[in-house]
$ cat final.pdb   # PDB, C-alpha atoms
ATOM      1  CA  MET W   1     146.613 155.825  45.617
ATOM      2  CA  ALA W   2     144.248 158.445  44.234
ATOM      3  CA  ALA W   3     141.609 155.750  43.725
ATOM      4  CA  ILE W   4     141.917 154.628  47.352
ATOM      5  CA  PHE W   5     141.645 158.244  48.478
ATOM      6  CA  ARG W   6     138.446 158.737  46.415
ATOM      7  CA  VAL W   7     136.898 155.534  47.837
ATOM      8  CA  CYS W   8     137.707 156.588  51.415
ATOM      9  CA  LEU W   9     136.340 160.081  50.759
ATOM     10  CA  ALA W  10     133.160 158.570  49.314
ATOM     11  CA  ILE W  11     132.717 156.330  52.388
ATOM     12  CA  VAL W  12     133.248 159.269  54.759
ATOM     13  CA  CYS W  13     130.792 161.444  52.798
ATOM     14  CA  ALA W  14     128.170 158.668  52.675
ATOM     15  CA  THR W  15     128.521 158.102  56.428
ATOM     16  CA  MET W  16     128.116 161.844  57.116
ATOM     17  CA  LEU W  17     125.062 162.094  54.867
ATOM     18  CA  ALA W  18     123.469 159.026  56.460
ATOM     19  CA  SER W  19     124.046 160.370  59.972
ATOM     20  CA  GLN W  20     122.601 163.776  59.013
ATOM     21  CA  ALA W  21     119.564 162.095  57.461
ATOM     22  CA  ALA W  22     118.861 160.274  60.740
ATOM     23  CA  ALA W  23     119.711 163.280  62.915
ATOM     24  CA  HIS W  24     116.626 165.373  62.177
ATOM     25  CA  CYS W  25     114.866 164.347  65.423
ATOM     26  CA  PRO W  26     115.883 165.665  68.833
ATOM     27  CA  ASN W  27     118.265 163.313  70.621
ATOM     28  CA  PHE W  28     117.467 160.591  68.042
ATOM     29  CA  CYS W  29     114.176 160.071  69.956
ATOM     30  CA  SER W  30     116.376 158.849  72.852
ATOM     31  CA  GLY W  31     116.213 155.349  71.458
ATOM     32  CA  HIS W  32     112.611 155.091  72.704
ATOM     33  CA  GLY W  33     110.691 156.036  69.603
ATOM     34  CA  GLU W  34     110.696 156.458  65.852
ATOM     35  CA  CYS W  35     111.608 159.613  63.975
ATOM     36  CA  ILE W  36     108.895 160.112  61.347
ATOM     37  CA  ALA W  37     109.624 163.704  60.221
ATOM     38  CA  VAL W  38     111.805 166.671  61.048
ATOM     39  CA  ASN W  39     111.590 167.196  64.838
ATOM     40  CA  LYS W  40     108.751 164.648  65.087
ATOM     41  CA  CYS W  41     109.251 161.596  67.306
ATOM     42  CA  VAL W  42     106.542 158.983  67.761
ATOM     43  CA  CYS W  43     107.319 157.522  71.172
ATOM     44  CA  TRP W  44     106.918 153.891  72.112
ATOM     45  CA  SER W  45     104.087 153.026  74.508
ATOM     46  CA  LYS W  46     105.866 153.639  77.827
ATOM     47  CA  TRP W  47     107.701 156.818  76.789
ATOM     48  CA  GLU W  48     106.738 160.445  76.119
ATOM     49  CA  GLY W  49     108.172 163.920  75.573
ATOM     50  CA  GLY W  50     109.471 165.701  72.488
ATOM     51  CA  ASP W  51     112.486 163.405  72.367
ATOM     52  CA  CYS W  52     110.841 160.336  74.022
ATOM     53  CA  SER W  53     113.189 160.636  77.008
ATOM     54  CA  MET W  54     110.528 160.646  79.747
ATOM     55  CA  ARG W  55     108.941 157.486  81.128
ATOM     56  CA  LYS W  56     105.157 157.490  81.400
ATOM     57  CA  CYS W  57     103.600 156.932  84.818
ATOM     58  CA  PRO W  58     100.466 154.822  85.426
ATOM     59  CA  VAL W  59      97.010 156.384  85.084
ATOM     60  CA  SER W  60      93.764 155.729  86.939
ATOM     61  CA  TYR W  61      90.518 157.562  87.664
ATOM     62  CA  ALA W  62      91.230 160.998  89.109
ATOM     63  CA  TRP W  63      90.366 161.793  92.692
ATOM     64  CA  THR W  64      89.819 165.400  91.681
ATOM     65  CA  ASP W  65      89.251 166.912  88.271
ATOM     66  CA  GLU W  66      86.849 169.186  86.458
ATOM     67  CA  ALA W  67      83.598 167.634  85.243
ATOM     68  CA  ILE W  68      83.418 167.554  81.450
ATOM     69  CA  ALA W  69      79.608 167.135  81.363
ATOM     70  CA  THR W  70      76.712 166.562  83.739
ATOM     71  CA  ASP W  71      77.532 163.571  85.940
ATOM     72  CA  LEU W  72      80.754 162.968  84.004
ATOM     73  CA  ALA W  73      83.849 163.475  86.120
ATOM     74  CA  HIS W  74      86.803 161.488  87.452
ATOM     75  CA  GLN W  75      88.464 160.955  84.081
ATOM     76  CA  LYS W  76      91.720 158.990  83.970
ATOM     77  CA  ALA W  77      94.753 161.012  85.009
ATOM     78  CA  VAL W  78      98.447 160.435  85.635
ATOM     79  CA  CYS W  79      98.953 159.264  89.227
ATOM     80  CA  SER W  80      95.163 159.790  89.723
ATOM     81  CA  ASN W  81      95.892 163.487  90.359
ATOM     82  CA  ARG W  82      97.084 162.459  93.849
ATOM     83  CA  GLY W  83     100.800 162.142  93.184
ATOM     84  CA  VAL W  84     103.729 163.349  91.115
ATOM     85  CA  CYS W  85     105.135 161.399  88.180
ATOM     86  CA  ASP W  86     108.872 160.690  88.318
ATOM     87  CA  THR W  87     109.619 160.671  84.590
ATOM     88  CA  LYS W  88     113.041 159.105  85.139
ATOM     89  CA  THR W  89     111.592 155.942  86.699
ATOM     90  CA  GLY W  90     107.973 155.983  85.487
ATOM     91  CA  LEU W  91     106.766 155.648  89.104
ATOM     92  CA  CYS W  92     104.269 157.818  90.968
ATOM     93  CA  GLN W  93     105.306 159.509  94.203
ATOM     94  CA  CYS W  94     101.921 159.427  95.977
ATOM     95  CA  ASP W  95     100.542 162.081  98.303
ATOM     96  CA  GLN W  96     100.241 161.108 101.970
ATOM     97  CA  ASN W  97      97.630 158.349 102.636
ATOM     98  CA  PHE W  98      97.373 157.439  98.937
ATOM     99  CA  GLU W  99      98.827 154.224  97.551
ATOM    100  CA  GLY W 100      98.912 151.936  94.529
ATOM    101  CA  LEU W 101     100.937 152.152  91.320
ATOM    102  CA  ALA W 102      98.794 155.098  90.164
ATOM    103  CA  CYS W 103      97.982 156.472  93.663
ATOM    104  CA  GLN W 104      94.473 155.141  92.986
ATOM    105  CA  ARG W 105      93.653 153.969  96.531
ATOM    106  CA  LYS W 106      93.217 155.812  99.793
ATOM    107  CA  GLY W 107      94.799 153.371 102.203
ATOM    108  CA  CYS W 108      93.739 152.358 105.674
ATOM    109  CA  PRO W 109      94.891 154.515 108.579
ATOM    110  CA  ASN W 110      98.021 153.104 110.201
ATOM    111  CA  ASP W 111      97.535 149.892 108.175
ATOM    112  CA  CYS W 112      94.892 148.870 110.745
ATOM    113  CA  ASN W 113      97.697 148.608 113.335
ATOM    114  CA  GLY W 114      98.170 144.934 112.542
ATOM    115  CA  HIS W 115      94.776 144.168 114.152
ATOM    116  CA  GLY W 116      92.508 144.151 111.119
ATOM    117  CA  THR W 117      92.160 143.844 107.363
ATOM    118  CA  CYS W 118      92.076 146.776 104.977
ATOM    119  CA  ARG W 119      88.907 146.485 102.798
ATOM    120  CA  ASN W 120      87.320 148.670 100.133
ATOM    121  CA  MET W 121      83.920 150.358 100.361
ATOM    122  CA  LYS W 122      82.377 147.795  98.032
ATOM    123  CA  PHE W 123      83.263 145.046 100.532
ATOM    124  CA  HIS W 124      82.039 147.036 103.555
ATOM    125  CA  ALA W 125      78.691 147.732 101.876
ATOM    126  CA  ARG W 126      78.145 144.076 100.998
ATOM    127  CA  THR W 127      78.814 142.897 104.552
ATOM    128  CA  ARG W 128      76.529 145.391 106.291
ATOM    129  CA  SER W 129      72.784 145.283 106.716
ATOM    130  CA  GLN W 130      70.157 147.924 107.369
ATOM    131  CA  GLY W 131      69.393 146.414 110.761
ATOM    132  CA  ASP W 132      67.024 143.692 109.631
ATOM    133  CA  GLY W 133      69.735 141.074 109.113
ATOM    134  CA  LEU W 134      69.442 141.137 105.328
ATOM    135  CA  LEU W 135      72.478 142.103 103.267
ATOM    136  CA  VAL W 136      70.918 144.623 100.919
ATOM    137  CA  LEU W 137      73.433 147.443 100.604
ATOM    138  CA  ARG W 138      75.148 147.716  97.198
ATOM    139  CA  TYR W 139      78.084 149.925  96.329
ATOM    140  CA  ASP W 140      79.399 148.289  93.167
ATOM    141  CA  ASN W 141      79.350 150.832  90.358
ATOM    142  CA  ASN W 142      80.290 154.038  92.143
ATOM    143  CA  TRP W 143      83.571 155.538  90.913
ATOM    144  CA  ASP W 144      85.162 155.153  94.348
ATOM    145  CA  ALA W 145      83.802 151.692  95.278
ATOM    146  CA  GLU W 146      87.285 150.194  95.042
ATOM    147  CA  LYS W 147      89.302 153.341  95.809
ATOM    148  CA  ILE W 148      88.497 154.187  99.443
ATOM    149  CA  TYR W 149      89.511 151.633 102.041
ATOM    150  CA  GLY W 150      88.677 151.179 105.709
ATOM    151  CA  CYS W 151      89.623 148.728 108.440
ATOM    152  CA  GLU W 152      87.682 145.595 109.285
ATOM    153  CA  CYS W 153      88.967 144.990 112.814
ATOM    154  CA  ASP W 154      89.850 141.647 114.366
ATOM    155  CA  ILE W 155      87.387 140.404 116.991
ATOM    156  CA  ASP W 156      89.168 141.930 120.017
ATOM    157  CA  TYR W 157      89.777 145.365 118.430
ATOM    158  CA  GLN W 158      87.725 148.333 117.309
ATOM    159  CA  GLY W 159      88.043 151.935 116.100
ATOM    160  CA  TYR W 160      88.675 153.477 112.705
ATOM    161  CA  ASP W 161      92.238 152.102 112.735
ATOM    162  CA  CYS W 162      91.697 149.035 114.973
ATOM    163  CA  SER W 163      93.834 150.587 117.704
ATOM    164  CA  TRP W 164      91.349 150.225 120.569
ATOM    165  CA  ARG W 165      90.990 146.994 122.511
ATOM    166  CA  VAL W 166      87.413 145.856 123.040
ATOM    167  CA  CYS W 167      86.581 145.973 126.731
ATOM    168  CA  PRO W 168      84.466 143.264 128.338
ATOM    169  CA  SER W 169      80.811 144.201 128.452
ATOM    170  CA  GLY W 170      77.607 142.813 129.859
ATOM    171  CA  ASP W 171      77.046 141.039 133.157
ATOM    172  CA  ASP W 172      79.992 140.391 135.448
ATOM    173  CA  PRO W 173      81.255 136.948 134.398
ATOM    174  CA  MET W 174      82.321 136.216 137.971
ATOM    175  CA  THR W 175      78.770 136.157 139.353
ATOM    176  CA  SER W 176      77.209 132.733 139.804
ATOM    177  CA  ASP W 177      73.739 131.194 139.609
ATOM    178  CA  GLN W 178      72.613 133.461 136.756
ATOM    179  CA  ARG W 179      71.307 132.795 133.269
ATOM    180  CA  ASP W 180      72.793 134.396 130.203
ATOM    181  CA  GLU W 181      70.487 137.063 128.885
ATOM    182  CA  THR W 182      70.167 138.125 125.282
ATOM    183  CA  GLN W 183      68.751 141.475 124.294
ATOM    184  CA  ALA W 184      67.825 142.521 120.786
ATOM    185  CA  PHE W 185      66.987 145.985 119.542
ATOM    186  CA  LYS W 186      66.423 147.596 116.179
ATOM    187  CA  CYS W 187      67.130 151.189 115.190
ATOM    188  CA  LEU W 188      64.810 152.619 112.550
ATOM    189  CA  GLU W 189      65.096 155.879 110.725
ATOM    190  CA  ASP W 190      62.153 158.269 110.954
ATOM    191  CA  PRO W 191      61.317 159.049 107.292
ATOM    192  CA  THR W 192      59.816 162.440 108.131
TER     193      THR W 192
END
$ encode --input "final.pdb" --output "C-alpha cells"
Amino acid sequence: MAAIFRVCLAIVCATMLASQAAAHCPNFCSGHGECIAVNKCVCWSKWEGGDCSMRKCPVSYAWTDEAIATDLAHQKAVCSNRGVCDTKTGLCQCDQNFEGLACQRKGCPNDCNGHGTCRNMKFHARTRSQGDGLLVLRYDNNWDAEKIYGCECDIDYQGYDCSWRVCPSGDDPMTSDQRDETQAFKCLEDPT
C-alpha cells in the first residue's frame, strides 16, 4: 500500500512540475504561439500580443503617415491607416468610403448607381488622351494608381457617380431634309 501511495505521489508531483514548467508564459501563448522563455511568446504568423491572443489584421500602403525620408512615405500599415483592426476577428472595420480587406481602396461614390463600372486611376489614365487621339497618359507606378477609384459611366449616364441621364444633344432629330453635321475641336493648353 505504501508503495502504491509513493507511486501516486510521484505521478502527481511530476504532473505538477511539468505543468509549472510549461506555465511560464502568459495564458500559455493562447495556443497560438510558442513559449521560448519566461513571459516570452513567439506568436504564429496570424497572431500577435504578449500572449498571442489577438488576430492580426491585413496591411497595405498607408493613406496617411509620416515620411521617413525625402520622397519616402506611404509605408505599409494595419488597415492602411484608414480603419480599425478588430483583433478578435482579424478584420478591418474601414472608415467611410474605404474598402478592401486592408481598407486599401477608396471606392466609387454610390457604387456608380448601377450605371457604370468602378475603375482605378491607372485604368482611367490609360484610356484618356491629351486631345490628339493618342493614348499617352501613364499612371502606373504612383503609390495610389490602384487605390483611388472612379466611375466609368454607361453610355446613357454621366456624372461623378453616374447618376445623371445624358440628355439628347445636337440638331432636332425630328427635322427632315437635313444632313448630319460633324464638328471637331481641340483644346490646347497655353504653356505660358
$ resolve_selection --input "final.pdb" --expression "the PyMOL selection byres ((chain W and resi 27) around 12)" --output "PDB file with C-alpha atoms, in the coordinates of the input"
ATOM      1  CA  ALA W  22     118.861 160.274  60.740  1.00  0.00           C
ATOM      2  CA  ALA W  23     119.711 163.280  62.915  1.00  0.00           C
ATOM      3  CA  HIS W  24     116.626 165.373  62.177  1.00  0.00           C
ATOM      4  CA  CYS W  25     114.866 164.347  65.423  1.00  0.00           C
ATOM      5  CA  PRO W  26     115.883 165.665  68.833  1.00  0.00           C
ATOM      6  CA  PHE W  28     117.467 160.591  68.042  1.00  0.00           C
ATOM      7  CA  CYS W  29     114.176 160.071  69.956  1.00  0.00           C
ATOM      8  CA  SER W  30     116.376 158.849  72.852  1.00  0.00           C
ATOM      9  CA  GLY W  31     116.213 155.349  71.458  1.00  0.00           C
ATOM     10  CA  HIS W  32     112.611 155.091  72.704  1.00  0.00           C
ATOM     11  CA  GLY W  33     110.691 156.036  69.603  1.00  0.00           C
ATOM     12  CA  GLU W  34     110.696 156.458  65.852  1.00  0.00           C
ATOM     13  CA  CYS W  35     111.608 159.613  63.975  1.00  0.00           C
ATOM     14  CA  ASN W  39     111.590 167.196  64.838  1.00  0.00           C
ATOM     15  CA  LYS W  40     108.751 164.648  65.087  1.00  0.00           C
ATOM     16  CA  CYS W  41     109.251 161.596  67.306  1.00  0.00           C
ATOM     17  CA  GLY W  49     108.172 163.920  75.573  1.00  0.00           C
ATOM     18  CA  GLY W  50     109.471 165.701  72.488  1.00  0.00           C
ATOM     19  CA  ASP W  51     112.486 163.405  72.367  1.00  0.00           C
ATOM     20  CA  CYS W  52     110.841 160.336  74.022  1.00  0.00           C
ATOM     21  CA  SER W  53     113.189 160.636  77.008  1.00  0.00           C
TER      22      SER W  53
END
$ resolve_selection --input "final.pdb" --expression "the PyMOL selection byres ((chain W and resi 87) around 10)" --output "MDAnalysis selection string"
chainID W and resid 47:49 53:57 84:86 88:92
$ closest_residue --input "final.pdb" --among "W:Ile68, W:Val166, W:Cys108, W:Ala184" --to "Cys151 in chain W" --atoms "all atoms listed in the file"
W:Cys108
$ atom_distance --input "final.pdb" --atom1 "CA of Tyr61 in chain W" --atom2 "CA of Cys118 in chain W"
20.5 Å
$ atom_distance --input "final.pdb" --atom1 "CA of Arg82 in chain W" --atom2 "CA of Cys112 in chain W"
21.8 Å
$ atom_distance --input "final.pdb" --atom1 "CA of Leu72 in chain W" --atom2 "CA of Gln93 in chain W"
26.8 Å
$ resolve_selection --input "final.pdb" --expression "the PyMOL selection byres ((chain W and resi 153) around 8)" --output "PyMOL selection string"
chain W and resi 112+115-117+151-152+154-159+161-162
$ residues_around --input "final.pdb" --residues "Ala62 in chain W" --least-positions-apart "4" --cutoff "12 Å" --atoms "only C-alpha atoms" --output "MDAnalysis selection string"
chainID W and resid 58 66:67 72:83 102:105 143:144 147
$ closest_residue --input "final.pdb" --among "W:Ile148, W:Arg138, W:Asp65, W:Gln178" --to "Gly100 in chain W" --atoms "only C-alpha atoms"
W:Ile148
$ axis_aligned_box --input "final.pdb" --around "range 78-93 of chain W" --padding-each-side "4 Å" --output "lines of an AutoDock Vina configuration file"
center_x = 104.1
center_y = 159.6
center_z = 89.4
size_x = 25.9
size_y = 15.8
size_z = 17.6
$ closest_residue --input "final.pdb" --among "W:Asp177, W:Arg126, W:Tyr149, W:Tyr139" --to "Gly107 in chain W" --atoms "only C-alpha atoms"
W:Tyr149
$ decode --input "final.pdb" --residues "range 105-132 of chain W" --atoms "N, CA and C atoms" --output "compact mmCIF listing (two decimals), in the first residue's frame"
# COMPACT_ATOMS: atom_id res chain seq x y z
N ARG W 105 -8.51 50.64 -50.66
CA ARG W 105 -9.10 51.31 -51.82
C ARG W 105 -10.12 52.35 -51.37
N LYS W 106 -10.13 53.45 -52.10
CA LYS W 106 -11.21 54.44 -51.94
C LYS W 106 -12.22 54.10 -53.02
N GLY W 107 -13.37 53.62 -52.60
CA GLY W 107 -14.36 53.11 -53.53
C GLY W 107 -15.05 54.19 -54.34
N CYS W 108 -15.86 53.75 -55.27
CA CYS W 108 -16.61 54.67 -56.12
C CYS W 108 -17.83 55.19 -55.37
N PRO W 109 -18.17 56.46 -55.60
CA PRO W 109 -19.34 57.02 -54.92
C PRO W 109 -20.62 56.30 -55.34
N ASN W 110 -21.38 55.90 -54.35
CA ASN W 110 -22.66 55.22 -54.56
C ASN W 110 -22.55 54.01 -55.48
N ASP W 111 -21.39 53.40 -55.55
CA ASP W 111 -21.16 52.23 -56.41
C ASP W 111 -21.59 52.49 -57.85
N CYS W 112 -21.41 53.72 -58.30
CA CYS W 112 -21.75 54.15 -59.66
C CYS W 112 -23.25 53.97 -59.96
N ASN W 113 -24.05 53.88 -58.91
CA ASN W 113 -25.51 53.80 -59.03
C ASN W 113 -26.00 52.70 -59.96
N GLY W 114 -25.20 51.69 -60.18
CA GLY W 114 -25.62 50.60 -61.05
C GLY W 114 -25.59 50.98 -62.53
N HIS W 115 -25.01 52.14 -62.86
CA HIS W 115 -24.97 52.62 -64.25
C HIS W 115 -23.54 52.85 -64.73
N GLY W 116 -22.60 52.11 -64.17
CA GLY W 116 -21.21 52.28 -64.59
C GLY W 116 -20.34 51.23 -63.93
N THR W 117 -19.04 51.31 -64.23
CA THR W 117 -18.06 50.38 -63.70
C THR W 117 -17.04 51.16 -62.89
N CYS W 118 -16.72 50.65 -61.72
CA CYS W 118 -15.75 51.29 -60.84
C CYS W 118 -14.35 50.90 -61.30
N ARG W 119 -13.52 51.89 -61.67
CA ARG W 119 -12.17 51.64 -62.23
C ARG W 119 -11.13 52.46 -61.47
N ASN W 120 -9.90 51.93 -61.42
CA ASN W 120 -8.84 52.66 -60.72
C ASN W 120 -8.22 53.75 -61.60
N MET W 121 -7.40 54.59 -60.99
CA MET W 121 -6.79 55.71 -61.70
C MET W 121 -5.87 55.24 -62.82
N LYS W 122 -5.22 54.13 -62.61
CA LYS W 122 -4.34 53.57 -63.64
C LYS W 122 -5.14 53.29 -64.91
N PHE W 123 -6.32 52.71 -64.78
CA PHE W 123 -7.19 52.43 -65.91
C PHE W 123 -7.65 53.73 -66.57
N HIS W 124 -8.13 54.68 -65.77
CA HIS W 124 -8.62 55.95 -66.33
C HIS W 124 -7.52 56.68 -67.10
N ALA W 125 -6.30 56.66 -66.61
CA ALA W 125 -5.20 57.33 -67.30
C ALA W 125 -4.92 56.67 -68.64
N ARG W 126 -4.94 55.35 -68.67
CA ARG W 126 -4.63 54.63 -69.91
C ARG W 126 -5.70 54.80 -70.98
N THR W 127 -6.91 55.11 -70.60
CA THR W 127 -8.00 55.22 -71.58
C THR W 127 -8.30 56.67 -71.95
N ARG W 128 -7.50 57.59 -71.51
CA ARG W 128 -7.71 59.00 -71.84
C ARG W 128 -6.59 59.49 -72.74
N SER W 129 -6.87 60.49 -73.52
CA SER W 129 -5.83 61.07 -74.37
C SER W 129 -5.69 62.55 -74.03
N GLN W 130 -4.69 63.18 -74.59
CA GLN W 130 -4.46 64.60 -74.35
C GLN W 130 -5.17 65.44 -75.40
N GLY W 131 -6.12 64.87 -76.10
CA GLY W 131 -6.88 65.62 -77.08
C GLY W 131 -6.46 65.35 -78.50
N ASP W 132 -5.36 64.65 -78.70
CA ASP W 132 -4.91 64.38 -80.06
C ASP W 132 -5.24 62.96 -80.51
